file protein-v1.txt (compact mmCIF, C-alpha atoms)
# COMPACT_ATOMS: atom_id res chain seq x y z
CA MET A 25 21.56 4.93 16.71
CA LEU A 26 22.70 5.16 13.09
CA ILE A 27 23.62 2.19 10.96
CA PRO A 28 27.39 1.59 11.41
CA LEU A 29 28.17 1.39 7.68
CA LEU A 30 26.79 4.85 7.07
CA VAL A 31 28.57 8.02 8.03
CA VAL A 32 27.05 10.18 10.75
CA ALA A 33 26.10 13.64 9.54
CA CYS A 34 27.86 16.65 10.92
CA ALA A 35 26.76 20.26 10.95
CA GLY A 36 28.85 21.11 7.91
CA GLN A 37 31.11 19.39 5.45
CA PRO A 38 34.79 19.76 4.57
CA GLU A 39 35.83 22.31 1.98
CA GLY A 40 35.68 20.53 -1.36
CA GLY A 41 34.44 17.34 0.31
CA PRO A 42 31.57 15.13 -0.77
CA VAL A 43 28.00 16.37 -0.87
CA VAL A 44 26.00 15.02 2.08
CA VAL A 45 22.54 13.62 1.36
CA THR A 46 20.37 12.58 4.31
CA PHE A 47 17.83 9.78 4.10
CA PRO A 48 15.51 8.90 7.04
CA ILE A 49 14.50 5.25 6.89
CA SER A 50 13.79 2.23 9.09
CA ALA A 51 16.92 0.26 9.90
CA LEU A 52 15.34 -2.97 11.14
CA GLY A 53 15.68 -6.48 9.76
CA ALA A 54 16.47 -7.60 6.25
CA GLU A 55 15.09 -4.39 4.76
CA GLY A 56 17.56 -2.31 6.75
CA ARG A 57 20.47 -4.58 5.86
CA VAL A 58 19.80 -4.59 2.13
CA LEU A 59 19.53 -0.80 2.10
CA VAL A 60 22.88 -0.47 3.88
CA GLY A 61 24.51 -2.62 1.23
CA GLN A 62 22.92 -0.73 -1.64
CA LEU A 63 23.88 2.67 -0.27
CA ALA A 64 27.44 1.45 0.32
CA ARG A 65 27.65 0.43 -3.35
CA PHE A 66 26.21 3.76 -4.41
CA MET A 67 28.82 5.71 -2.42
CA GLU A 68 31.62 3.54 -3.79
CA ALA A 69 30.49 4.35 -7.33
CA ASN A 70 29.80 8.01 -6.47
CA PRO A 71 32.53 9.15 -4.05
CA HIS A 72 31.43 12.77 -4.41
CA ILE A 73 28.15 11.94 -2.60
CA ARG A 74 27.91 10.72 0.98
CA VAL A 75 24.55 9.28 2.10
CA VAL A 76 23.65 9.53 5.77
CA GLN A 77 20.83 7.44 7.13
CA ARG A 78 18.58 8.71 9.89
CA VAL A 79 16.72 5.97 11.70
CA THR A 80 12.99 6.74 11.91
CA PRO A 81 10.02 4.95 13.49
CA ASP A 82 8.58 1.94 11.68
CA ALA A 83 5.00 2.94 12.46
CA ALA A 84 3.60 4.89 9.52
CA THR A 85 1.67 7.33 11.69
CA GLN A 86 4.74 8.25 13.74
CA ARG A 87 6.89 8.60 10.63
CA HIS A 88 4.26 10.83 9.02
CA GLN A 89 4.17 13.08 12.08
CA LEU A 90 7.96 13.35 12.09
CA TYR A 91 8.05 14.29 8.42
CA VAL A 92 5.36 16.93 8.91
CA GLN A 93 7.35 18.49 11.77
CA TRP A 94 10.52 18.66 9.66
CA LEU A 95 8.87 19.94 6.51
CA ASN A 96 6.60 22.43 8.24
CA ALA A 97 9.75 23.92 9.73
CA ARG A 98 10.99 24.47 6.15
CA ALA A 99 14.09 22.38 6.86
CA SER A 100 16.38 21.42 3.99
CA ASP A 101 17.31 18.23 5.84
CA PRO A 102 16.39 15.40 5.25
CA ASP A 103 16.96 15.39 1.52
CA ILE A 104 15.13 12.17 0.59
CA LEU A 105 11.83 10.89 2.01
CA GLN A 106 10.21 7.46 1.94
CA LEU A 107 6.48 8.04 1.50
CA ASP A 108 3.48 5.80 1.94
CA ALA A 109 1.37 5.34 -1.19
CA ILE A 110 -1.27 7.79 0.09
CA TRP A 111 1.09 10.59 1.22
CA THR A 112 2.42 11.87 -2.11
CA PRO A 113 -0.48 14.23 -3.02
CA GLU A 114 -0.59 15.61 0.52
CA PHE A 115 3.12 16.43 0.52
CA ALA A 116 3.00 17.74 -3.05
CA ALA A 117 0.04 20.08 -2.41
CA ALA A 118 1.77 21.41 0.71
CA GLY A 119 4.81 22.35 -1.39
CA TRP A 120 7.07 20.01 0.59
CA ILE A 121 8.47 17.80 -2.17
CA LEU A 122 10.23 18.47 -5.43
CA PRO A 123 8.65 17.81 -8.85
CA LEU A 124 10.62 15.01 -10.50
CA ASP A 125 9.74 15.48 -14.18
CA ARG A 126 12.80 17.71 -14.59
CA PHE A 127 15.00 14.63 -14.13
CA GLY A 128 13.31 12.76 -16.99
CA PRO A 129 12.42 9.46 -15.27
CA ASP A 130 11.09 6.72 -17.55
CA THR A 131 7.63 6.42 -16.01
CA SER A 132 6.52 3.99 -18.73
CA ALA A 133 8.72 1.32 -17.13
CA PHE A 134 6.49 1.20 -14.04
CA PHE A 135 3.02 -0.21 -13.50
CA PRO A 136 0.63 2.62 -14.43
CA SER A 137 -1.21 2.62 -11.08
CA THR A 138 2.05 3.23 -9.21
CA ILE A 139 2.72 6.34 -11.29
CA THR A 140 -0.88 7.58 -10.98
CA ALA A 141 -0.58 7.44 -7.19
CA ASN A 142 2.53 9.64 -7.33
CA ARG A 143 1.22 12.40 -9.58
CA TRP A 144 -0.51 15.50 -8.35
CA GLN A 145 -2.05 17.89 -10.89
CA ASP A 146 -0.27 16.18 -13.78
CA THR A 147 3.15 16.44 -12.14
CA LEU A 148 5.25 13.53 -10.86
CA PHE A 149 6.40 14.03 -7.25
CA ALA A 150 7.71 10.59 -6.22
CA LEU A 151 9.04 7.43 -7.81
CA PRO A 152 7.76 3.96 -6.80
CA TRP A 153 10.27 1.99 -4.75
CA PHE A 154 8.33 -1.21 -4.07
CA VAL A 155 4.68 -2.08 -4.51
CA ASP A 156 2.17 -3.64 -2.13
CA VAL A 157 -1.23 -4.98 -3.18
CA GLY A 158 -4.24 -6.60 -1.55
CA MET A 159 -4.76 -10.17 -2.72
CA LEU A 160 -6.85 -13.27 -2.11
CA TYR A 161 -5.13 -16.22 -0.46
CA TRP A 162 -6.78 -19.58 -1.19
CA ARG A 163 -6.16 -23.16 -0.12
CA THR A 164 -4.74 -25.29 -2.92
CA ASP A 165 -5.43 -28.47 -0.93
CA LEU A 166 -9.14 -27.69 -0.76
CA MET A 167 -9.92 -26.48 -4.29
CA ALA A 168 -8.59 -26.72 -7.83
CA GLY A 169 -8.40 -22.97 -8.43
CA PRO A 170 -9.38 -19.58 -7.05
CA PRO A 171 -12.93 -18.24 -7.43
CA ALA A 172 -13.52 -16.15 -10.54
CA THR A 173 -16.50 -14.18 -9.22
CA MET A 174 -17.73 -12.79 -5.92
CA SER A 175 -20.70 -15.17 -5.95
CA GLU A 176 -18.35 -18.10 -6.46
CA LEU A 177 -16.20 -16.89 -3.57
CA VAL A 178 -19.24 -16.89 -1.27
CA ARG A 179 -20.45 -20.25 -2.55
CA GLU A 180 -17.05 -21.94 -2.13
CA ALA A 181 -16.49 -20.39 1.29
CA LYS A 182 -19.85 -21.78 2.44
CA ARG A 183 -19.21 -25.22 0.96
CA LEU A 184 -15.70 -25.58 2.30
CA ARG A 185 -16.57 -24.32 5.74
CA HIS A 186 -19.13 -27.11 6.16
CA ALA A 187 -17.46 -29.87 4.10
CA LYS A 188 -14.05 -29.42 5.76
CA ALA A 189 -15.31 -28.35 9.19
CA LEU A 190 -13.48 -25.03 9.02
CA ARG A 191 -14.18 -22.29 11.54
CA TYR A 192 -14.35 -19.65 8.81
CA GLY A 193 -14.86 -19.39 5.10
CA LEU A 194 -13.19 -16.00 4.55
CA VAL A 195 -11.26 -13.56 6.73
CA TRP A 196 -10.19 -9.98 6.12
CA GLN A 197 -9.36 -6.76 7.95
CA GLY A 198 -12.46 -5.06 9.38
CA ALA A 199 -11.35 -3.00 12.37
CA ARG A 200 -11.97 0.73 12.13
CA TYR A 201 -8.66 1.70 10.52
CA GLU A 202 -7.16 2.11 7.04
CA GLY A 203 -7.25 -1.63 6.40
CA LEU A 204 -11.06 -1.52 6.38
CA VAL A 205 -11.00 1.06 3.57
CA THR A 206 -8.66 -1.10 1.47
CA THR A 207 -10.90 -4.14 1.96
CA PHE A 208 -13.96 -2.11 0.99
CA LEU A 209 -12.13 -0.66 -2.04
CA GLU A 210 -11.62 -4.18 -3.40
CA TYR A 211 -15.27 -5.12 -2.94
CA LEU A 212 -16.24 -1.76 -4.44
CA GLY A 213 -14.11 -2.25 -7.55
CA ALA A 214 -15.59 -5.71 -8.00
CA TYR A 215 -18.91 -4.03 -8.77
CA GLY A 216 -17.47 -1.21 -10.86
CA GLY A 217 -17.56 1.50 -8.19
CA SER A 218 -15.04 4.04 -6.95
CA ILE A 219 -14.67 6.46 -4.05
CA LEU A 220 -13.71 9.71 -5.76
CA GLU A 221 -14.01 10.92 -9.36
CA ARG A 222 -12.69 14.36 -10.41
CA GLY A 223 -13.47 16.03 -7.11
CA ARG A 224 -16.82 14.28 -6.64
CA VAL A 225 -17.33 11.69 -3.92
CA VAL A 226 -19.30 8.84 -5.52
CA VAL A 227 -19.14 6.15 -2.87
CA ASN A 228 -22.92 6.20 -2.34
CA SER A 229 -23.60 4.39 -5.61
CA GLU A 230 -25.32 1.15 -6.49
CA ALA A 231 -21.88 -0.47 -6.59
CA GLY A 232 -20.98 0.99 -3.18
CA ARG A 233 -24.19 -0.18 -1.57
CA ARG A 234 -23.83 -3.66 -3.03
CA ALA A 235 -20.19 -3.91 -1.93
CA LEU A 236 -20.94 -2.90 1.66
CA THR A 237 -24.02 -5.12 1.78
CA ASP A 238 -21.94 -8.08 0.56
CA MET A 239 -19.38 -7.46 3.28
CA ARG A 240 -22.09 -7.34 5.95
CA ASP A 241 -24.00 -10.33 4.54
CA GLY A 242 -20.82 -12.38 4.66
CA ILE A 243 -20.84 -11.94 8.43
CA TYR A 244 -24.50 -12.16 9.38
CA ARG A 245 -26.41 -13.86 6.55
CA ASP A 246 -23.93 -16.24 4.93
CA SER A 247 -21.90 -16.87 8.11
CA ILE A 248 -18.65 -17.24 6.20
CA ILE A 249 -16.87 -14.30 7.86
CA PRO A 250 -16.50 -14.16 11.67
CA SER A 251 -17.90 -11.08 13.38
CA ALA A 252 -14.50 -10.93 15.11
CA VAL A 253 -13.03 -9.45 11.91
CA LEU A 254 -14.62 -6.16 12.93
CA ASN A 255 -11.74 -5.91 15.41
CA TRP A 256 -9.09 -7.56 13.24
CA HIS A 257 -6.05 -6.12 11.53
CA GLU A 258 -3.63 -7.93 9.19
CA GLU A 259 -2.05 -10.20 11.77
CA GLU A 260 -5.28 -11.57 13.25
CA SER A 261 -6.39 -12.50 9.72
CA ARG A 262 -3.03 -14.12 8.99
CA PHE A 263 -3.09 -16.23 12.13
CA ALA A 264 -6.59 -17.52 11.35
CA PHE A 265 -5.59 -18.57 7.82
CA GLN A 266 -2.14 -19.80 8.89
CA ASN A 267 -3.70 -22.02 11.54
CA GLY A 268 -5.87 -23.72 8.92
CA GLU A 269 -9.09 -22.16 10.19
CA SER A 270 -10.21 -20.45 6.96
CA ALA A 271 -10.52 -21.36 3.29
CA PHE A 272 -9.79 -17.80 2.06
CA MET A 273 -8.07 -14.67 3.28
CA ARG A 274 -7.71 -11.15 1.95
CA ASN A 275 -4.30 -9.78 2.95
CA TRP A 276 -1.04 -8.24 1.69
CA PRO A 277 2.02 -10.02 0.20
CA TYR A 278 4.02 -9.90 3.44
CA ALA A 279 1.96 -12.83 4.77
CA HIS A 280 3.09 -15.19 2.01
CA GLY A 281 6.63 -15.83 3.20
CA LEU A 282 5.62 -16.05 6.86
CA MET A 283 3.01 -18.71 6.14
CA GLN A 284 5.46 -20.89 4.19
CA ASP A 285 7.34 -21.66 7.40
CA SER A 286 6.15 -25.17 8.21
CA SER A 287 7.30 -24.85 11.82
CA GLN A 288 4.77 -22.04 12.33
CA SER A 289 2.13 -22.58 9.64
CA ARG A 290 -0.34 -25.43 9.16
CA VAL A 291 -0.92 -24.37 5.54
CA ALA A 292 2.72 -24.17 4.38
CA GLY A 293 2.90 -25.34 0.77
CA ARG A 294 -0.90 -25.58 0.58
CA PHE A 295 -2.02 -22.12 -0.53
CA SER A 296 -1.65 -19.70 -3.40
CA VAL A 297 -2.70 -16.16 -4.28
CA ALA A 298 -5.00 -14.52 -6.83
CA PRO A 299 -6.75 -11.18 -7.32
CA MET A 300 -9.90 -10.58 -5.35
CA PRO A 301 -12.64 -11.67 -7.77
CA ALA A 302 -15.04 -9.52 -9.74
CA GLY A 303 -18.78 -9.11 -9.41
CA PRO A 304 -21.32 -7.99 -12.01
CA GLY A 305 -20.33 -4.72 -13.65
CA GLY A 306 -16.81 -4.59 -12.24
CA SER A 307 -13.41 -6.21 -12.37
CA PRO A 308 -10.91 -7.79 -9.99
CA THR A 309 -9.46 -5.03 -7.81
CA ALA A 310 -6.37 -4.82 -5.62
CA ALA A 311 -5.82 -1.91 -3.26
CA LEU A 312 -2.45 -0.31 -4.01
CA GLY A 313 0.10 0.19 -1.26
CA GLY A 314 3.86 0.34 -1.10
CA ALA A 315 6.67 2.87 -0.71
CA GLN A 316 7.80 5.78 -2.85
CA LEU A 317 10.91 7.94 -2.84
CA ALA A 318 10.55 11.74 -2.92
CA ILE A 319 12.94 14.68 -2.58
CA ASN A 320 12.57 17.52 -0.08
CA ARG A 321 11.69 20.64 -2.04
CA ARG A 322 14.14 22.65 0.08
CA THR A 323 17.08 20.31 -0.35
CA GLU A 324 20.36 22.06 -1.02
CA HIS A 325 21.47 19.17 -3.26
CA PRO A 326 18.63 18.17 -5.62
CA ALA A 327 20.89 16.55 -8.23
CA ALA A 328 22.68 14.43 -5.64
CA ALA A 329 19.38 13.44 -4.00
CA TRP A 330 18.01 12.42 -7.41
CA ALA A 331 21.14 10.35 -8.08
CA VAL A 332 20.38 8.33 -4.93
CA VAL A 333 16.70 7.91 -5.83
CA GLU A 334 17.55 6.89 -9.39
CA PHE A 335 20.09 4.33 -8.14
CA LEU A 336 17.73 2.77 -5.58
CA THR A 337 14.95 2.38 -8.16
CA ARG A 338 17.09 0.68 -10.79
CA PRO A 339 16.16 -2.90 -11.77
CA GLU A 340 19.15 -4.52 -10.05
CA GLN A 341 18.35 -2.90 -6.71
CA MET A 342 14.69 -3.90 -7.00
CA LEU A 343 15.64 -7.50 -7.78
CA GLU A 344 17.84 -7.58 -4.69
CA ARG A 345 15.02 -6.26 -2.51
CA ALA A 346 12.73 -8.92 -3.95
CA ARG A 347 15.27 -11.65 -3.17
CA VAL A 348 16.18 -10.50 0.34
CA VAL A 349 12.96 -8.87 1.57
CA GLY A 350 10.32 -10.36 -0.72
CA GLN A 351 9.02 -6.96 -1.86
CA PHE A 352 7.33 -6.65 -5.25
CA PRO A 353 9.18 -4.46 -7.80
CA PRO A 354 7.08 -1.77 -9.50
CA ARG A 355 8.97 -2.18 -12.80
CA VAL A 356 6.88 -4.22 -15.26
CA ALA A 357 9.74 -5.79 -17.24
CA LEU A 358 11.22 -7.46 -14.15
CA TYR A 359 8.30 -9.91 -14.05
CA ASP A 360 9.67 -11.55 -17.20
CA ARG A 361 13.11 -12.16 -15.70
CA ASP A 362 14.26 -15.51 -14.35
CA GLN A 363 15.94 -13.71 -11.44
CA LEU A 364 12.58 -12.58 -10.09
CA ALA A 365 11.15 -16.09 -10.29
CA ALA A 366 14.01 -17.25 -8.09
CA ALA A 367 13.58 -14.31 -5.71
CA LEU A 368 9.85 -14.25 -4.97
CA GLY A 369 7.99 -16.93 -3.08
CA ILE A 370 4.98 -16.06 -5.24
CA PRO A 371 5.21 -16.96 -8.96
CA PRO A 372 5.96 -13.69 -10.80
CA ALA A 373 3.06 -14.26 -13.21
CA SER A 374 0.64 -14.50 -10.26
CA ALA A 375 2.09 -11.40 -8.61
CA ARG A 376 1.99 -9.43 -11.87
CA ARG A 377 -1.64 -10.42 -12.46
CA VAL A 378 -2.64 -8.98 -9.09
CA ILE A 379 -0.59 -5.80 -9.56
CA GLU A 380 -2.20 -5.19 -12.95
CA TYR A 381 -5.52 -4.91 -11.12
CA ALA A 382 -4.11 -2.46 -8.55
CA VAL A 383 -6.13 0.70 -7.88
CA PRO A 384 -4.76 3.67 -5.91
CA ARG A 385 -6.83 5.04 -3.09
CA PRO A 386 -8.16 8.55 -3.89
CA VAL A 387 -5.22 10.70 -4.99
CA THR A 388 -5.94 13.84 -2.97
CA PRO A 389 -4.09 15.89 -0.33
CA VAL A 390 -6.89 15.31 2.19
CA TYR A 391 -7.05 11.54 1.80
CA ASN A 392 -6.35 10.83 5.48
CA GLN A 393 -9.33 12.93 6.58
CA LEU A 394 -11.57 11.37 3.92
CA SER A 395 -10.51 7.91 5.01
CA GLU A 396 -11.35 8.59 8.66
CA MET A 397 -14.85 9.71 7.70
CA LEU A 398 -15.38 6.65 5.53
CA GLN A 399 -14.00 4.26 8.14
CA ILE A 400 -16.54 5.43 10.70
CA GLN A 401 -19.52 4.91 8.42
CA LEU A 402 -18.31 1.59 7.02
CA HIS A 403 -17.81 0.25 10.51
CA ARG A 404 -21.22 1.48 11.65
CA ALA A 405 -22.85 -0.43 8.80
CA LEU A 406 -20.84 -3.59 9.44
CA THR A 407 -21.71 -3.54 13.14
CA ARG A 408 -25.40 -3.04 12.21
CA GLN A 409 -25.66 0.39 13.78
CA SER A 410 -26.87 1.72 10.42
CA GLU A 411 -27.92 0.41 7.03
CA PRO A 412 -25.35 0.37 4.18
CA ALA A 413 -27.30 2.94 2.14
CA SER A 414 -27.62 5.46 4.97
CA ALA A 415 -24.00 4.91 6.07
CA LEU A 416 -22.68 5.59 2.58
CA ALA A 417 -24.99 8.57 2.09
CA ARG A 418 -23.66 10.15 5.25
CA ALA A 419 -20.05 9.32 4.37
CA GLN A 420 -20.46 10.86 0.92
CA ALA A 421 -22.00 14.06 2.27
CA GLU A 422 -19.29 14.52 4.91
CA MET A 423 -16.46 13.73 2.52
CA GLN A 424 -17.79 16.05 -0.18
CA HIS A 425 -18.16 18.86 2.34
CA LEU A 426 -14.51 18.43 3.31
CA LEU A 427 -13.37 18.48 -0.31
CA ASP A 428 -15.43 21.57 -1.10
CA ARG A 429 -14.19 23.38 2.00
CA ALA A 430 -10.58 22.57 1.00
CA GLY A 431 -11.18 23.86 -2.53
CA LEU A 432 -10.71 20.39 -3.98
CA GLY A 433 -14.28 19.58 -4.94
CA ALA A 434 -15.66 19.31 -8.47
CA GLY A 435 -15.51 22.66 -10.22
CA ALA A 436 -12.78 24.04 -7.98
CA PRO A 437 -10.02 25.95 -9.81
CA VAL A 438 -6.91 23.87 -10.44
CA ALA A 439 -3.89 25.28 -8.63
CA ARG A 440 -0.64 24.62 -10.45
CA GLN A 441 2.67 23.96 -8.76

call {"tool": "encode", "arguments": {"input": "protein-v1.txt", "output": "C-alpha cells"}}
result
Amino acid sequence: MLIPLLVVACAGQPEGGPVVVTFPISALGAEGRVLVGQLARFMEANPHIRVVQRVTPDAATQRHQLYVQWLNARASDPDILQLDAIWTPEFAAAGWILPLDRFGPDTSAFFPSTITANRWQDTLFALPWFVDVGMLYWRTDLMAGPPATMSELVREAKRLRHAKALRYGLVWQGARYEGLVTTFLEYLGAYGGSILERGRVVVNSEAGRRALTDMRDGIYRDSIIPSAVLNWHEEESRFAFQNGESAFMRNWPYAHGLMQDSSQSRVAGRFSVAPMPAGPGGSPTAALGGAQLAINRRTEHPAAAWAVVEFLTRPEQMLERARVVGQFPPRVALYDRDQLAAALGIPPASARRVIEYAVPRPVTPVYNQLSEMLQIQLHRALTRQSEPASALARAQAEMQHLLDRAGLGAGAPVARQ
C-alpha cells in the first residue's frame, strides 16, 4: 500500500505533465509521517516534479536484496535510494548509483566521517541524510561523570556492580552479526587500531589483540559483562540497562528516547551519554551508521532526483526529523542552533561530541563479506573456542585473500568511474 498523500505511479505520464520521481522508503511510524509532509511541501514548491513513494521492507537485509534485484536488472526506476552507511561503496563500484559531484553539494557542511563513508575512489556517490553513532550510556545517579579511559570503565563497572548490587557492570551487542563488528570497532579505535588501511587488512595488530582480549576479559575475568551478551542484539542490551540492571551500556541513539519513558524505564531521567572511552595509544571511537540518499545511475530524471535529495538534506528538513523522529542531523552547524536543543532528547553538545569521534566501517565494495568473516572469528574468540591472536590472524588472512581476489587489495590498480 502506498502512502495516501503521495501519488501512485503509472506506466507513463501525461504529455507536458510533471516529471515523476520514485523513492522507495519505509512508511512506518513517525519517520514515515514526517517524510510524507516533507515531500508534500517539496511538490507544492516544485509542481513540475511529482514524487512517488514505494513502500519497502524495514529490515535492512531485505531492502538490500530488493535494491540489488532492481539495479541488477538495469532498471531506471526507482530514481532515489536510501542506503545504509556501508552500502555506498558497493553500489558505487557496481555502477548502480550516480556520482553527485556534478551537482556541487557543499560537503564541508557535513561531519567529515559521513562524507568519507559516501565516497568511493575520490568521488561522492551519496549524501548523508541522518547519522547514527555508537555511544556509551551511563547512570547519572550512580556516578558523577562518564569514564575517561577503558581502564576506568572497567574499574567503575566492577565497583558499581558490587556496591549497588547490580546484575551487570556493562552490556553491549555480542551476537554473531554486524552489531558485534561495531562494538569491536569501538574497542579497536580505543587502542589506536583499524580494520583496513589502503587495501591492507590490519586487524591482527597489537591494538586488535588488546581490544578483543579486553572484550573477552570483561566477560570471563572481570565479570562485568554477562556471557549472555554473546547472543544479544540492541534490544536485549537496552532492556537490561532500562531495567536498572547495568551501570553502563554501549548502544545507538534510538534507545535514548525509549528509556526516558518512566512508565517503561526504571532509569528514566537517570542516565546520560558519552563517547566510548579511549585506551592507551588510541582515542574515543564511535561506529558510524545512519542513512544516505543516492540516485539511480540509470534514472531518466537526474536533475529532478537531485532536487528531491537536495531538499530533503536541507537544514530545515533535518531539524524537523530531529524533532519528530529524534534522528541526529549530519550537518555540523545545526548543533549550534537552539532549535536542535529543543528537538533532541540528548544535549546537542553531547551528541556532537560523540559524532566527532565517529569512524566509518571499512569503505569497500566487499564490506559485507569482510564483516561476515570477521564476525565468525570475533565470536569464536569471545566464546573461548580460539585465542584472540589466532582468531584475528585467521580473520586477517581470510579477509585479505578476499580483497586480493576482488582486485581491491594493496597494490591493485585503481579503477576510475

call {"tool": "atom_distance", "arguments": {"input": "protein-v1.txt", "atom1": "CA of Glu55 in chain A", "atom2": "CA of Val349 in chain A"}}
result
5.9 Å

call {"tool": "atom_distance", "arguments": {"input": "protein-v1.txt", "atom1": "CA of Arg98 in chain A", "atom2": "CA of Arg143 in chain A"}}
result
22.1 Å

call {"tool": "closest_residue", "arguments": {"input": "protein-v1.txt", "among": "A:Ala382, A:Val356, A:Ala298, A:Val227", "to": "Pro412 in chain A", "atoms": "all atoms listed in the file"}}
result
A:Val227

call {"tool": "closest_residue", "arguments": {"input": "protein-v1.txt", "among": "A:Leu107, A:Leu184, A:Ala329, A:Ala97", "to": "Gly268 in chain A", "atoms": "all atoms listed in the file"}}
result
A:Leu184

call {"tool": "residues_around", "arguments": {"input": "protein-v1.txt", "residues": "Ala302 in chain A", "least_positions_apart": "4", "cutoff": "10 Å", "atoms": "all atoms listed in the file", "output": "number ranges by chain"}}
result
A: 171-177, 210-216, 306-309

call {"tool": "atom_distance", "arguments": {"input": "protein-v1.txt", "atom1": "CA of Gln393 in chain A", "atom2": "CA of Gln86 in chain A"}}
result
16.5 Å

call {"tool": "residues_around", "arguments": {"input": "protein-v1.txt", "residues": "range 358-370 of chain A", "least_positions_apart": "3", "cutoff": "9 Å", "atoms": "all atoms listed in the file", "output": "number ranges by chain"}}
result
A: 277, 280-281, 284, 296-297, 339, 342-348, 350-355, 373-376

call {"tool": "residues_around", "arguments": {"input": "protein-v1.txt", "residues": "Ser410 in chain A", "least_positions_apart": "6", "cutoff": "12 Å", "atoms": "all atoms listed in the file", "output": "list in words"}}
result
Leu236, Thr237, Arg240, Ile400, Gln401, Leu402, His403, Arg404, Leu416, Ala417, Arg418 and Ala419 of chain A

call {"tool": "closest_residue", "arguments": {"input": "protein-v1.txt", "among": "A:Ile104, A:Val195, A:Ala434, A:Val92", "to": "Arg224 in chain A", "atoms": "all atoms listed in the file"}}
result
A:Ala434

call {"tool": "residues_near_point", "arguments": {"input": "protein-v1.txt", "point": "(14.1, 0.3, 8.4)", "cutoff": "12 Å", "atoms": "only C-alpha atoms", "output": "ChimeraX atom specification"}}
result
/A:26-27,47-60,77-84,87,106,349

call {"tool": "residues_around", "arguments": {"input": "protein-v1.txt", "residues": "Glu269 in chain A", "least_positions_apart": "5", "cutoff": "7 Å", "atoms": "only C-alpha atoms", "output": "PyMOL selection string"}}
result
chain A and resi 190-192+264

call {"tool": "write_last_selection", "arguments": {"input": "protein-v1.txt", "atoms": "C-alpha atoms", "output": "PDB file, in the coordinates of the input"}}
result
ATOM      1  CA  LEU A 190     -13.480 -25.030   9.020  1.00  0.00           C
ATOM      2  CA  ARG A 191     -14.180 -22.290  11.540  1.00  0.00           C
ATOM      3  CA  TYR A 192     -14.350 -19.650   8.810  1.00  0.00           C
ATOM      4  CA  ALA A 264      -6.590 -17.520  11.350  1.00  0.00           C
TER       5      ALA A 264
END

call {"tool": "build_atoms", "arguments": {"input": "protein-v1.txt", "residues": "range 151-155 of chain A", "atoms": "all heavy atoms", "output": "mmCIF file, in the frame of the given file"}}
result
data_model
loop_
_atom_site.group_PDB
_atom_site.id
_atom_site.type_symbol
_atom_site.label_atom_id
_atom_site.label_comp_id
_atom_site.auth_asym_id
_atom_site.auth_seq_id
_atom_site.Cartn_x
_atom_site.Cartn_y
_atom_site.Cartn_z
ATOM 1 N N LEU A 151 8.812 8.575 -6.947
ATOM 2 C CA LEU A 151 9.040 7.430 -7.810
ATOM 3 C C LEU A 151 8.798 6.151 -6.997
ATOM 4 O O LEU A 151 9.269 6.037 -5.855
ATOM 5 C CB LEU A 151 10.481 7.442 -8.334
ATOM 6 C CG LEU A 151 10.723 6.810 -9.707
ATOM 7 C CD1 LEU A 151 9.874 7.481 -10.783
ATOM 8 C CD2 LEU A 151 12.197 6.896 -10.071
ATOM 9 N N PRO A 152 8.051 5.190 -7.554
ATOM 10 C CA PRO A 152 7.760 3.960 -6.800
ATOM 11 C C PRO A 152 9.047 3.204 -6.457
ATOM 12 O O PRO A 152 9.935 3.053 -7.299
ATOM 13 C CB PRO A 152 6.888 3.149 -7.767
ATOM 14 C CG PRO A 152 6.378 4.131 -8.767
ATOM 15 C CD PRO A 152 7.426 5.186 -8.887
ATOM 16 N N TRP A 153 9.108 2.735 -5.229
ATOM 17 C CA TRP A 153 10.270 1.990 -4.750
ATOM 18 C C TRP A 153 9.953 0.503 -4.663
ATOM 19 O O TRP A 153 10.679 -0.338 -5.154
ATOM 20 C CB TRP A 153 10.696 2.540 -3.391
ATOM 21 C CG TRP A 153 12.057 2.143 -2.933
ATOM 22 C CD1 TRP A 153 13.046 1.563 -3.677
ATOM 23 C CD2 TRP A 153 12.597 2.309 -1.624
ATOM 24 N NE1 TRP A 153 14.174 1.360 -2.898
ATOM 25 C CE2 TRP A 153 13.914 1.816 -1.628
ATOM 26 C CE3 TRP A 153 12.100 2.845 -0.440
ATOM 27 C CZ2 TRP A 153 14.737 1.825 -0.506
ATOM 28 C CZ3 TRP A 153 12.917 2.863 0.680
ATOM 29 C CH2 TRP A 153 14.220 2.361 0.656
ATOM 30 N N PHE A 154 8.874 0.152 -4.011
ATOM 31 C CA PHE A 154 8.330 -1.210 -4.070
ATOM 32 C C PHE A 154 6.812 -1.095 -3.953
ATOM 33 O O PHE A 154 6.280 -0.085 -3.506
ATOM 34 C CB PHE A 154 8.918 -2.129 -2.995
ATOM 35 C CG PHE A 154 8.701 -1.698 -1.575
ATOM 36 C CD1 PHE A 154 7.535 -2.011 -0.892
ATOM 37 C CD2 PHE A 154 9.683 -0.986 -0.893
ATOM 38 C CE1 PHE A 154 7.347 -1.624 0.423
ATOM 39 C CE2 PHE A 154 9.511 -0.589 0.425
ATOM 40 C CZ PHE A 154 8.337 -0.912 1.090
ATOM 41 N N VAL A 155 6.134 -2.129 -4.418
ATOM 42 C CA VAL A 155 4.680 -2.080 -4.510
ATOM 43 C C VAL A 155 4.063 -3.124 -3.596
ATOM 44 O O VAL A 155 4.598 -4.212 -3.412
ATOM 45 C CB VAL A 155 4.223 -2.274 -5.975
ATOM 46 C CG1 VAL A 155 4.576 -3.648 -6.498
ATOM 47 C CG2 VAL A 155 2.740 -2.018 -6.126
#
